[in-house]
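Listing of run-v5.tsv, TSV, C-alpha atoms
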chain	number	residue	atom	x	y	z
O	285	MET	CA	-35.38	27.64	0.18
O	286	HIS	CA	-33.73	29.23	-2.85
O	287	ARG	CA	-31.09	31.76	-1.70
O	288	HIS	CA	-30.33	34.84	-3.75
O	289	LEU	CA	-26.59	34.09	-3.86
O	290	LEU	CA	-27.09	30.78	-5.71
O	291	ASP	CA	-27.69	32.31	-9.13
O	292	SER	CA	-24.85	34.77	-8.55
O	293	LEU	CA	-22.38	31.96	-7.82
O	294	VAL	CA	-23.51	30.02	-10.88
O	295	ALA	CA	-22.93	33.12	-13.02
O	296	HIS	CA	-19.49	33.64	-11.45
O	297	TYR	CA	-18.28	30.15	-12.28
O	298	ARG	CA	-19.59	30.49	-15.82
O	299	ASP	CA	-17.58	33.65	-16.47
O	300	HIS	CA	-14.58	33.66	-14.10
O	301	ARG	CA	-11.71	31.43	-13.00
O	302	GLN	CA	-11.35	32.62	-9.38
O	303	MET	CA	-12.33	30.62	-6.32
O	304	ILE	CA	-15.25	31.86	-4.21
O	305	PHE	CA	-14.77	32.31	-0.48
O	306	LEU	CA	-18.25	32.11	1.03
O	307	SER	CA	-18.38	33.13	4.68
O	308	GLY	CA	-21.22	33.70	7.10
O	309	PRO	CA	-22.59	32.74	10.51
O	310	ARG	CA	-23.11	29.18	11.65
O	311	GLN	CA	-26.39	27.69	10.39
O	312	VAL	CA	-27.06	30.55	7.98
O	313	GLY	CA	-27.25	28.01	5.12
O	314	LYS	CA	-23.73	27.87	3.63
O	315	THR	CA	-23.60	24.07	3.38
O	316	THR	CA	-27.12	23.88	1.94
O	317	LEU	CA	-26.20	26.57	-0.59
O	318	ALA	CA	-23.00	24.69	-1.53
O	319	LYS	CA	-24.94	21.48	-2.12
O	320	SER	CA	-27.55	23.33	-4.19
O	321	LEU	CA	-24.70	24.77	-6.23
O	322	GLN	CA	-23.26	21.30	-6.79
O	323	GLU	CA	-26.54	20.30	-8.42
O	324	ARG	CA	-25.87	22.90	-11.13
O	325	PHE	CA	-22.66	21.07	-12.12
O	326	THR	CA	-22.28	17.79	-13.97
O	327	SER	CA	-20.33	16.50	-10.96
O	328	GLY	CA	-19.19	17.84	-7.62
O	329	HIS	CA	-17.10	16.86	-4.63
O	330	TYR	CA	-17.62	18.01	-1.04
O	331	PHE	CA	-14.82	18.01	1.55
O	332	ASN	CA	-15.57	19.01	5.15
O	333	TRP	CA	-12.65	19.59	7.50
O	334	ASP	CA	-14.83	18.41	10.40
O	335	ASN	CA	-15.25	15.02	8.73
O	336	PRO	CA	-12.29	12.78	9.77
O	337	ASN	CA	-12.14	10.99	6.40
O	338	HIS	CA	-12.18	14.25	4.47
O	339	ARG	CA	-9.60	15.74	6.83
O	340	GLU	CA	-7.27	12.84	6.11
O	341	LEU	CA	-7.54	13.49	2.37
O	342	ILE	CA	-6.86	17.21	2.81
O	343	LEU	CA	-3.81	16.56	5.00
O	344	LYS	CA	-2.33	14.40	2.25
O	345	GLY	CA	-2.28	17.44	-0.01
O	346	PRO	CA	-3.80	18.77	-3.25
O	347	GLU	CA	-2.69	15.78	-5.30
O	348	GLU	CA	-4.71	13.39	-3.13
O	349	ILE	CA	-7.81	15.59	-3.39
O	350	ALA	CA	-7.32	15.72	-7.17
O	351	ARG	CA	-7.00	11.95	-7.36
O	352	HIS	CA	-10.13	11.47	-5.25
O	353	ALA	CA	-12.07	13.94	-7.44
O	354	GLY	CA	-10.76	12.52	-10.71
O	355	LEU	CA	-9.18	15.83	-11.74
O	356	GLU	CA	-6.29	14.06	-13.42
O	357	ARG	CA	-8.68	12.75	-16.08
O	358	LEU	CA	-10.02	14.84	-18.93
O	359	GLN	CA	-13.67	15.73	-18.22
O	360	ALA	CA	-16.27	17.36	-20.44
O	361	ASP	CA	-17.10	19.94	-17.76
O	362	PRO	CA	-14.99	20.96	-14.75
O	363	PRO	CA	-16.52	19.62	-11.51
O	364	LEU	CA	-17.13	21.75	-8.44
O	365	CYS	CA	-14.90	21.11	-5.43
O	366	VAL	CA	-16.27	22.44	-2.14
O	367	PHE	CA	-14.05	22.84	0.94
O	368	ASP	CA	-16.15	23.43	4.05
O	369	GLU	CA	-14.69	24.87	7.30
O	370	LEU	CA	-11.21	24.65	5.76
O	371	HIS	CA	-10.00	27.70	7.71
O	372	LYS	CA	-9.74	25.44	10.79
O	373	TYR	CA	-6.70	23.83	9.11
O	374	ARG	CA	-3.60	25.77	10.12
O	375	HIS	CA	-2.02	25.51	6.67
O	376	TRP	CA	-5.18	26.02	4.64
O	377	ARG	CA	-3.75	28.98	2.69
O	378	ASN	CA	-0.80	27.01	1.36
O	379	PHE	CA	-3.11	24.09	0.59
O	380	LEU	CA	-5.49	26.26	-1.43
O	381	LYS	CA	-2.70	28.09	-3.24
O	382	GLY	CA	-1.17	24.79	-4.33
O	383	PHE	CA	-4.54	23.29	-5.27
O	384	PHE	CA	-5.67	26.30	-7.29
O	385	ASP	CA	-2.38	26.87	-9.09
O	386	GLN	CA	-2.14	23.21	-10.12
O	387	TYR	CA	-5.77	22.45	-10.96
O	388	GLU	CA	-7.21	25.84	-11.92
O	389	ASN	CA	-8.24	24.58	-15.37
O	390	HIS	CA	-9.60	21.28	-14.08
O	391	THR	CA	-12.14	22.39	-11.45
O	392	LYS	CA	-14.17	25.22	-9.93
O	393	THR	CA	-13.55	25.81	-6.23
O	394	LEU	CA	-15.81	26.99	-3.43
O	395	VAL	CA	-14.45	27.55	0.10
O	396	THR	CA	-16.96	28.06	2.91
O	397	GLY	CA	-16.45	28.95	6.55
O	398	SER	CA	-18.15	30.22	9.70
O	399	ALA	CA	-15.32	32.67	10.42
O	400	SER	CA	-15.34	36.07	8.75
O	401	LEU	CA	-13.28	37.13	5.79
O	402	ALA	CA	-10.94	38.91	8.19
O	403	THR	CA	-9.67	35.43	9.01
O	404	PHE	CA	-9.09	34.69	5.33
O	405	LYS	CA	-7.23	37.97	4.80
O	406	ARG	CA	-4.59	37.02	7.32
O	407	GLY	CA	-3.03	35.03	4.53
O	408	GLY	CA	-1.46	38.21	3.17
O	409	ASP	CA	-0.91	38.22	-0.58
O	410	SER	CA	-0.50	34.46	-0.98
O	411	LEU	CA	-4.04	34.15	-2.40
O	412	MET	CA	-4.22	37.55	-4.05
O	413	GLY	CA	-6.10	37.40	-7.34
O	414	ARG	CA	-7.18	33.82	-6.78
O	415	TYR	CA	-10.54	34.37	-5.05
O	416	PHE	CA	-13.54	36.66	-4.69
O	417	PRO	CA	-15.35	37.01	-1.34
O	418	HIS	CA	-19.08	36.59	-0.78
O	419	THR	CA	-21.02	36.80	2.47
O	420	LEU	CA	-24.17	34.77	3.12
O	421	HIS	CA	-26.54	36.71	5.37
O	422	PRO	CA	-29.71	35.67	7.15
O	423	VAL	CA	-32.92	35.82	5.12
O	424	SER	CA	-34.17	39.38	4.66
O	425	VAL	CA	-37.50	40.91	3.68
O	426	ALA	CA	-36.28	41.44	0.11
O	427	GLU	CA	-35.02	37.85	-0.18
O	428	CYS	CA	-38.40	36.51	1.00
O	429	ILE	CA	-39.97	38.33	-1.92
O	430	ARG	CA	-37.29	37.81	-4.59
O	431	PRO	CA	-34.96	34.85	-3.98
O	432	GLY	CA	-32.97	35.35	-7.21
O	433	ILE	CA	-30.25	37.83	-8.15
O	434	PRO	CA	-31.44	41.42	-7.60
O	435	ASP	CA	-32.17	42.96	-11.00
O	436	SER	CA	-31.03	46.39	-9.85
O	437	MET	CA	-29.36	48.01	-6.86
O	438	ILE	CA	-32.62	49.47	-5.60
O	439	GLN	CA	-35.58	47.26	-6.43
O	440	SER	CA	-39.22	48.15	-6.86
O	441	PRO	CA	-41.31	47.73	-3.69
O	442	VAL	CA	-43.27	44.50	-3.29
O	443	ARG	CA	-45.50	43.56	-0.36
O	444	ILE	CA	-44.28	40.80	1.98
O	445	ASP	CA	-46.82	38.33	3.40
O	446	ASP	CA	-47.84	39.18	6.98
O	447	GLU	CA	-46.95	35.63	8.04
O	448	LYS	CA	-43.38	35.94	6.74
O	449	TRP	CA	-42.99	39.40	8.23
O	450	ASP	CA	-44.06	38.10	11.62
O	451	ALA	CA	-41.71	35.10	11.36
O	452	LEU	CA	-38.74	37.34	10.52
O	453	TRP	CA	-39.56	39.58	13.47
O	454	ARG	CA	-40.06	36.80	16.02
O	455	PHE	CA	-37.59	34.12	14.90
O	456	GLY	CA	-34.94	36.02	12.90
O	457	GLY	CA	-33.60	35.30	9.45
O	458	PHE	CA	-31.66	32.08	10.00
O	459	PRO	CA	-33.36	29.62	7.64
O	460	GLU	CA	-34.42	26.77	9.98
O	461	PRO	CA	-36.14	28.76	12.74
O	462	PHE	CA	-37.55	31.20	10.18
O	463	LEU	CA	-39.10	28.48	8.03
O	464	LYS	CA	-40.40	26.44	10.96
O	465	ALA	CA	-41.71	29.48	12.85
O	466	ASP	CA	-42.13	27.31	15.93
O	467	LEU	CA	-41.27	28.77	19.34
O	468	ARG	CA	-40.23	25.49	20.97
O	469	PHE	CA	-37.94	24.61	18.07
O	470	TYR	CA	-36.51	28.15	18.09
O	471	ASN	CA	-35.68	27.97	21.81
O	472	ARG	CA	-33.81	24.68	21.36
O	473	TRP	CA	-32.05	25.90	18.21
O	474	ARG	CA	-30.92	29.12	19.86
O	475	LYS	CA	-29.49	27.28	22.88
O	476	LEU	CA	-27.59	24.79	20.71
O	477	ARG	CA	-26.19	27.51	18.45
O	478	ALA	CA	-24.87	29.45	21.47
O	479	GLU	CA	-23.17	26.30	22.79
O	480	GLN	CA	-21.55	25.68	19.41
O	481	LEU	CA	-20.29	29.24	19.22
O	482	PHE	CA	-18.82	29.45	22.70
O	483	ARG	CA	-17.66	25.86	23.13
O	484	GLU	CA	-16.66	24.74	19.64
O	485	ASP	CA	-15.84	27.73	17.43
O	486	LEU	CA	-13.87	29.59	20.09
O	487	ARG	CA	-11.97	26.41	20.90
O	488	ASP	CA	-11.22	25.58	17.26
O	489	LEU	CA	-10.27	29.03	16.00
O	490	THR	CA	-8.75	30.90	18.95
O	491	ARG	CA	-6.52	30.35	21.92
O	492	ILE	CA	-8.94	32.07	24.27
O	493	GLN	CA	-9.35	30.11	27.49
O	494	GLU	CA	-11.69	32.42	29.40
O	495	LEU	CA	-14.88	31.13	27.83
O	496	GLY	CA	-17.04	32.13	30.78
O	497	GLN	CA	-15.91	35.75	30.52
O	498	MET	CA	-16.48	35.67	26.76
O	499	GLU	CA	-20.08	34.55	27.35
O	500	ILE	CA	-20.59	37.43	29.79
O	501	LEU	CA	-19.19	39.86	27.21
O	502	ALA	CA	-21.51	38.48	24.53
O	503	GLU	CA	-24.48	38.83	26.86
O	504	LEU	CA	-23.58	42.47	27.56
O	505	LEU	CA	-23.33	43.20	23.84
O	506	ARG	CA	-26.73	41.57	23.36
O	507	ARG	CA	-28.35	43.68	26.06
O	508	HIS	CA	-26.83	46.88	24.68
O	509	ALA	CA	-27.31	46.19	20.96
O	510	GLY	CA	-27.48	49.45	19.05
O	511	GLN	CA	-26.05	51.56	21.90
O	512	LEU	CA	-22.75	53.40	21.94
O	513	THR	CA	-20.00	51.07	23.12
O	514	SER	CA	-18.10	51.86	26.30
O	515	TYR	CA	-15.07	49.58	26.33
O	516	SER	CA	-14.17	50.77	29.83
O	517	SER	CA	-17.61	49.73	31.16
O	518	LEU	CA	-17.28	46.34	29.45
O	519	SER	CA	-13.79	46.00	30.91
O	520	LYS	CA	-15.08	46.53	34.45
O	521	ALA	CA	-18.07	44.24	34.01
O	522	VAL	CA	-16.04	41.38	32.54
O	523	CYS	CA	-12.95	41.95	34.71
O	524	ALA	CA	-10.55	42.10	31.77
O	525	SER	CA	-8.20	44.75	30.41
O	526	LEU	CA	-9.28	47.21	27.73
O	527	ASP	CA	-6.98	45.62	25.17
O	528	THR	CA	-8.40	42.19	26.00
O	529	ILE	CA	-11.97	43.45	25.63
O	530	ARG	CA	-11.21	44.96	22.24
O	531	ARG	CA	-9.58	41.72	21.11
O	532	TRP	CA	-12.47	39.58	22.38
O	533	VAL	CA	-15.07	41.80	20.70
O	534	SER	CA	-13.12	41.49	17.43
O	535	THR	CA	-13.19	37.72	17.89
O	536	LEU	CA	-16.98	37.77	18.34
O	537	GLU	CA	-17.20	39.83	15.14
O	538	ALA	CA	-15.01	37.32	13.30
O	539	LEU	CA	-17.31	34.51	14.44
O	540	TYR	CA	-20.41	36.37	13.25
O	541	TYR	CA	-21.95	36.91	16.66
O	542	CYS	CA	-22.05	40.68	16.21
O	543	PHE	CA	-21.04	43.42	13.78
O	544	ALA	CA	-19.85	46.97	14.28
O	545	VAL	CA	-21.37	50.13	12.83
O	546	ARG	CA	-18.91	53.01	13.11
O	547	PRO	CA	-19.59	56.75	13.15
O	548	TRP	CA	-19.41	58.88	10.01
O	549	HIS	CA	-17.62	62.16	10.69
O	550	HIS	CA	-16.62	63.64	7.33
O	551	ASN	CA	-18.15	67.10	6.76
O	552	VAL	CA	-20.11	66.86	10.02
O	553	ALA	CA	-19.43	69.56	12.59
O	554	ARG	CA	-18.36	68.24	16.01
O	555	ALA	CA	-19.12	64.67	14.95
O	556	LEU	CA	-18.55	61.64	17.14
O	557	ARG	CA	-15.48	59.81	15.84
O	558	LYS	CA	-14.56	56.81	17.98
O	559	GLU	CA	-17.24	54.77	19.73
O	560	PRO	CA	-18.95	52.21	17.47
O	561	LYS	CA	-22.29	50.53	17.96
O	562	TYR	CA	-22.64	46.75	17.88
O	563	PHE	CA	-25.58	44.79	16.52
O	564	LEU	CA	-26.28	41.05	16.48
O	565	TRP	CA	-26.38	38.90	13.36
O	566	ASP	CA	-29.41	37.22	14.94
O	567	TRP	CA	-31.72	40.14	15.69
O	568	SER	CA	-34.30	37.82	17.27
O	569	GLN	CA	-32.09	37.70	20.39
O	570	VAL	CA	-32.63	41.43	21.03
O	571	GLU	CA	-35.49	41.70	23.52
O	572	SER	CA	-36.47	45.39	23.42
O	573	PRO	CA	-38.87	45.99	20.48
O	574	GLY	CA	-37.24	49.32	19.63
O	575	ALA	CA	-33.72	47.87	19.70
O	576	ARG	CA	-34.85	44.80	17.73
O	577	ALA	CA	-36.38	47.00	15.03
O	578	GLU	CA	-33.12	48.96	14.75
O	579	ASN	CA	-31.10	45.72	14.64
O	580	LEU	CA	-33.33	44.21	11.95
O	581	VAL	CA	-32.86	47.28	9.75
O	582	ALA	CA	-29.11	47.33	10.49
O	583	SER	CA	-28.87	43.70	9.34
O	584	ALA	CA	-30.76	44.45	6.11
O	585	LEU	CA	-28.54	47.45	5.37
O	586	LEU	CA	-25.37	45.46	6.10
O	587	LYS	CA	-26.56	42.72	3.75
O	588	ALA	CA	-27.19	45.32	1.06
O	589	VAL	CA	-23.80	47.06	1.38
O	590	HIS	CA	-22.02	43.68	1.35
O	591	TRP	CA	-23.91	42.58	-1.76
O	592	TRP	CA	-23.40	45.86	-3.63
O	593	THR	CA	-19.67	45.81	-2.84
O	594	GLU	CA	-19.05	42.09	-3.44
O	595	SER	CA	-20.95	42.15	-6.75
O	596	GLY	CA	-18.67	44.93	-8.02
O	597	GLN	CA	-21.13	47.85	-8.00
O	598	GLY	CA	-18.88	50.11	-5.94
O	599	ASP	CA	-17.45	50.53	-2.47
O	600	PHE	CA	-20.29	50.72	0.06
O	601	ALA	CA	-20.25	50.97	3.85
O	602	LEU	CA	-22.66	51.29	6.77
O	603	HIS	CA	-22.25	53.98	9.44
O	604	PHE	CA	-24.26	56.05	11.89
O	605	VAL	CA	-23.95	59.78	12.46
O	606	ARG	CA	-23.94	61.63	15.79
O	607	ASP	CA	-22.48	64.90	17.00
O	608	LYS	CA	-21.43	66.19	20.39
O	609	GLN	CA	-24.81	67.91	20.80
O	610	LYS	CA	-26.27	64.35	20.74
O	611	ARG	CA	-28.09	64.87	17.46
O	612	GLU	CA	-28.13	61.48	15.81
O	613	VAL	CA	-29.41	59.44	12.87
O	614	ASP	CA	-29.29	55.67	13.20
O	615	PHE	CA	-27.63	54.85	9.86
O	616	LEU	CA	-25.78	56.44	6.99
O	617	VAL	CA	-24.94	54.42	3.89
O	618	SER	CA	-21.94	55.63	1.90
O	619	ARG	CA	-21.20	54.91	-1.75
O	620	ASP	CA	-17.61	55.19	-2.98
O	621	ARG	CA	-16.78	56.99	0.28
O	622	GLN	CA	-19.50	59.61	-0.26
O	623	PRO	CA	-22.71	59.83	1.81
O	624	TRP	CA	-25.65	58.36	-0.09
O	625	PHE	CA	-28.68	58.06	2.20
O	626	LEU	CA	-29.73	58.34	5.86
O	627	VAL	CA	-32.04	55.99	7.77
O	628	GLU	CA	-33.71	56.65	11.12
O	629	VAL	CA	-35.68	53.75	12.60
O	630	LYS	CA	-38.88	54.20	14.60
O	631	SER	CA	-41.19	51.51	15.93
O	632	SER	CA	-44.26	53.63	15.32
O	633	GLY	CA	-45.44	55.57	12.30
O	634	ASN	CA	-47.12	58.07	14.61
O	635	ALA	CA	-43.82	59.77	15.42
O	636	GLY	CA	-43.15	62.98	13.51
O	637	LEU	CA	-40.09	63.41	11.36
O	638	THR	CA	-37.01	63.89	13.49
O	639	ASP	CA	-35.18	67.19	13.06
O	640	SER	CA	-31.90	65.28	12.91
O	641	LEU	CA	-32.76	63.97	9.42
O	642	TYR	CA	-33.06	67.51	8.09
O	643	TYR	CA	-29.93	68.64	9.92
O	644	PHE	CA	-27.67	65.79	8.82
O	645	GLN	CA	-28.99	65.75	5.26
O	646	LYS	CA	-27.86	69.36	4.99
O	647	GLN	CA	-24.52	68.56	6.69
O	648	THR	CA	-23.70	65.48	4.62
O	649	GLY	CA	-25.44	66.25	1.33
O	650	VAL	CA	-27.06	62.79	1.09
O	651	GLN	CA	-29.53	62.18	-1.74
O	652	HIS	CA	-32.20	60.58	0.48
O	653	ALA	CA	-33.25	60.69	4.13
O	654	PHE	CA	-35.72	58.10	5.43
O	655	GLN	CA	-37.54	57.66	8.72
O	656	VAL	CA	-38.51	53.99	8.65
O	657	ALA	CA	-41.73	53.23	10.54
O	658	MET	CA	-41.83	49.55	11.38
O	659	ASP	CA	-45.56	49.36	12.12
O	660	ALA	CA	-46.74	51.31	9.07
O	661	GLU	CA	-48.73	49.58	6.33
O	662	PHE	CA	-47.02	48.77	3.04
O	663	VAL	CA	-47.11	51.48	0.36
O	664	GLY	CA	-46.28	50.48	-3.21
O	665	ARG	CA	-44.15	53.51	-4.09
O	666	ASP	CA	-40.40	53.77	-4.57
O	667	CYS	CA	-38.88	55.36	-1.46
O	668	PHE	CA	-35.82	56.38	-3.44
O	669	GLU	CA	-37.85	58.75	-5.62
O	670	GLN	CA	-37.92	61.10	-2.63
O	671	SER	CA	-35.12	63.62	-2.13
O	672	THR	CA	-36.37	65.31	1.05
O	673	PRO	CA	-36.81	63.59	4.44
O	674	VAL	CA	-39.83	61.29	4.42
O	675	ILE	CA	-41.52	58.73	6.68
O	676	VAL	CA	-41.65	55.35	4.91
O	677	PRO	CA	-43.10	51.97	5.96
O	678	GLY	CA	-40.52	49.37	7.01
O	679	LYS	CA	-42.20	46.82	4.74
O	680	THR	CA	-41.74	49.13	1.76
O	681	PHE	CA	-38.17	50.26	2.46
O	682	LEU	CA	-36.79	46.82	3.33
O	683	SER	CA	-38.40	45.23	0.25
O	684	GLN	CA	-36.30	47.54	-1.94
O	685	LEU	CA	-32.94	46.30	-0.62
O	686	VAL	CA	-31.38	42.84	-1.04
Please re-express this file's structure in structure tokens.
Amino acid sequence: MHRHLLDSLVAHYRDHRQMIFLSGPRQVGKTTLAKSLQERFTSGHYFNWDNPNHRELILKGPEEIARHAGLERLQADPPLCVFDELHKYRHWRNFLKGFFDQYENHTKTLVTGSASLATFKRGGDSLMGRYFPHTLHPVSVAECIRPGIPDSMIQSPVRIDDEKWDALWRFGGFPEPFLKADLRFYNRWRKLRAEQLFREDLRDLTRIQELGQMEILAELLRRHAGQLTSYSSLSKAVCASLDTIRRWVSTLEALYYCFAVRPWHHNVARALRKEPKYFLWDWSQVESPGARAENLVASALLKAVHWWTESGQGDFALHFVRDKQKREVDFLVSRDRQPWFLVEVKSSGNAGLTDSLYYFQKQTGVQHAFQVAMDAEFVGRDCFEQSTPVIVPGKTFLSQLV
């Protein structure tokens, strides 16, 4: 399927010299996207660190890659060089710095990886100014409807097919299980992906030996997706120290198993400040319908804030808001460090508007406050025209994001 980032990457290479670092979960479609991108170039070269022959070329240095790709010859159009899973190479930063500095005018460079950009940033300033980050997310409602570059930050609402909506809900947004929409395939895919994460990625990228305990920790995060995190409870359940638990959870974040949503506390009286909530990148693994609905919306909002930030439209972030009186709204999206809109998620449209939306809109001064009803029928009106708290269908709200 055509992914929305494809046209954006093509436009980047047309106008800019920097490399693209494309990160995202395993099997989210990075390699497929890279190969689709290659088709937009006159020629392209793909190097995968997991391929022994490609690894041998990379270990010989930038000059050998250049020779293999013909970069030493004058070409009418610069080819695309793709380096997949290169972050598994201990000296990948020095390799890329040397390659880019020497062959910047001879090629366009795409680096992909199944570890988060936090891994890339450990390189300090050695690659500063030489790359732009992009994150490839699972397929969302908006991407099902409009696979190209979003024409605006907030798009007009468009109805999603019931079949696609059901597939996203049941099988998640990873392309293969979503497109096949077959339960037996999904069960096999899910099992294999978990084995790759806990047996291959942890082995390749970390020095963690306690894989069994890591699997228990991941299972606990899955069961408690969307709930306040108690590191002390996780520590007791996994039989590991608090510092170890925090480090292991950060590792699971870096490997795109889960992501954190942290509390917003500015200008909120007696606001919660410390405990984050964790959600899964694959919301289909969340069993409770209410928690799955919240996770699906969290994933769509995270995808939107990443896209808005990475495409240069501002500095966006995803939070939740809760005070010590236990008033809470599921999500708050900030724009340039200022509250922008609130989102409360409900499975049913029969629930009345929560008082917390009114309270926290007044506290934070957000422009919009939505109660998203996941079972409500699509309405073809722009949610973002409303300035007071309003109940909106999930199909409408999610179609207006990315």
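Nearest-residue note for Glu661 (chain O): choosing from O:Thr638, O:Gln645, O:Ser632, O:Gln597, the minimum distance belongs to O:Ser632, counting all atoms listed in the file.
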Length of the CA of Leu504 (chain O) to CA of Val522 (chain O) vector [Å]: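 Result for CA of Leu504 (chain O) versus CA of Val522 (chain O): 9.1 Å, one decimal.
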Selection near region 290-302 of chain O, 7 Å with only C-alpha atoms, sequence-local residues under 5 positions removed, as a short mmCIF file (atom, residue, chain, number, x, y, z; two decimals) with C-alpha atoms, in the frame of the given file:
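Output file result-v1.cif is given in full below:
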data_model
loop_
_atom_site.label_atom_id
_atom_site.label_comp_id
_atom_site.auth_asym_id
_atom_site.auth_seq_id
_atom_site.Cartn_x
_atom_site.Cartn_y
_atom_site.Cartn_z
CA LEU O 317 -26.20 26.57 -0.59
CA LEU O 321 -24.70 24.77 -6.23
CA LYS O 392 -14.17 25.22 -9.93
CA ARG O 414 -7.18 33.82 -6.78
CA TYR O 415 -10.54 34.37 -5.05
CA PHE O 416 -13.54 36.66 -4.69
CA GLY O 432 -32.97 35.35 -7.21
CA ILE O 433 -30.25 37.83 -8.15
#
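The residue set within 8 Å of region 666-674 of chain O, counting only C-alpha atoms and dropping same-chain residues fewer than 3 places from it, reads Ile438, Ser440, Pro441, Leu637, Leu641, Tyr642, Gln651, His652, Ala653, Phe654, Gln655, Thr680, Phe681 and Gln684 of chain O.
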Tell me, counting all atoms listed in the file, for each residue of region 296-345 of chain O within 10 Å of region 448-463 of chain O, which pair of atoms is nearest and how far apart they are in Å to one decimal, in rows ordered by chain and increasing number, as a tab-separated table.
residue	atom	partner	partner_atom	distance
O:Pro309	CA	O:Phe458	CA	9.1
O:Arg310	CA	O:Phe458	CA	9.2
O:Gln311	CA	O:Phe458	CA	6.9
O:Val312	CA	O:Phe458	CA	5.3
O:Gly313	CA	O:Pro459	CA	6.8
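Distances here use all atoms listed in the file; by that measure, the residue among O:Leu289, O:Leu420, O:Val627, O:Ala360 closest to Tyr540 (chain O) is O:Leu420.
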For CA of Lys630 (chain O) and CA of Val656 (chain O), the interatomic separation in Å (one decimal):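 It comes out at 6.0 Å.
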Surrounding residues of Arg377 (chain O) excluding itself and chain neighbours under 3 positions, 9 Å, all atoms listed in the file, as a list of chain:residue names: O:His371, O:Tyr373, O:Arg374, O:Leu380, O:Lys381, O:Gly382, O:Phe404, O:Gly407, O:Ser410, O:Leu411
d(CA of Leu512 (chain O), CA of Glu559 (chain O)) in Å: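 About the pair CA of Leu512 (chain O) and CA of Glu559 (chain O): they are 6.1 Å apart.
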Given only C-alpha atoms as the counted atoms, nearest of O:Ser398, O:Gln569, O:Gln480, O:Ser595 to Leu505 (chain O):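 Distance minimum relative to Leu505 (chain O) lands on O:Gln569.
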Best match for closeness to Val650 (chain O) among O:Lys319, O:Arg531, O:Arg468, O:Arg621, counting all atoms listed in the file: O:Arg621
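Of the residues under consideration (O:Pro362, O:Gly664, O:Gly397, O:Pro417), O:Gly664 shows the shortest atom-to-atom contact distance to Ser683 (chain O) when counting all atoms listed in the file.
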Would you fill out region 613-622 of chain O with N, CA, C and O atoms and return it as an mmCIF file, in the frame of the given file?
data_model
loop_
_atom_site.group_PDB
_atom_site.id
_atom_site.type_symbol
_atom_site.label_atom_id
_atom_site.label_comp_id
_atom_site.auth_asym_id
_atom_site.auth_seq_id
_atom_site.Cartn_x
_atom_site.Cartn_y
_atom_site.Cartn_z
ATOM 1 N N VAL O 613 -28.603 60.239 13.786
ATOM 2 C CA VAL O 613 -29.410 59.440 12.870
ATOM 3 C C VAL O 613 -28.838 58.035 12.901
ATOM 4 O O VAL O 613 -27.620 57.844 12.864
ATOM 5 N N ASP O 614 -29.722 57.047 12.952
ATOM 6 C CA ASP O 614 -29.290 55.670 13.200
ATOM 7 C C ASP O 614 -28.284 55.148 12.186
ATOM 8 O O ASP O 614 -27.318 54.477 12.548
ATOM 9 N N PHE O 615 -28.502 55.439 10.887
ATOM 10 C CA PHE O 615 -27.630 54.850 9.860
ATOM 11 C C PHE O 615 -27.373 55.831 8.736
ATOM 12 O O PHE O 615 -28.240 56.632 8.358
ATOM 13 N N LEU O 616 -26.168 55.742 8.208
ATOM 14 C CA LEU O 616 -25.780 56.440 6.990
ATOM 15 C C LEU O 616 -25.094 55.435 6.084
ATOM 16 O O LEU O 616 -24.153 54.757 6.510
ATOM 17 N N VAL O 617 -25.565 55.302 4.867
ATOM 18 C CA VAL O 617 -24.940 54.420 3.890
ATOM 19 C C VAL O 617 -24.098 55.265 2.944
ATOM 20 O O VAL O 617 -24.595 56.256 2.380
ATOM 21 N N SER O 618 -22.829 54.905 2.811
ATOM 22 C CA SER O 618 -21.940 55.630 1.900
ATOM 23 C C SER O 618 -21.708 54.814 0.638
ATOM 24 O O SER O 618 -21.753 53.578 0.653
ATOM 25 N N ARG O 619 -21.465 55.527 -0.442
ATOM 26 C CA ARG O 619 -21.200 54.910 -1.750
ATOM 27 C C ARG O 619 -19.924 55.525 -2.311
ATOM 28 O O ARG O 619 -19.863 56.738 -2.526
ATOM 29 N N ASP O 620 -18.911 54.706 -2.517
ATOM 30 C CA ASP O 620 -17.610 55.190 -2.980
ATOM 31 C C ASP O 620 -17.110 56.328 -2.096
ATOM 32 O O ASP O 620 -16.669 57.379 -2.564
ATOM 33 N N ARG O 621 -17.266 56.097 -0.784
ATOM 34 C CA ARG O 621 -16.780 56.990 0.280
ATOM 35 C C ARG O 621 -17.494 58.342 0.301
ATOM 36 O O ARG O 621 -16.993 59.306 0.871
ATOM 37 N N GLN O 622 -18.673 58.412 -0.307
ATOM 38 C CA GLN O 622 -19.500 59.610 -0.260
ATOM 39 C C GLN O 622 -20.854 59.260 0.353
ATOM 40 O O GLN O 622 -21.406 58.205 0.054
#
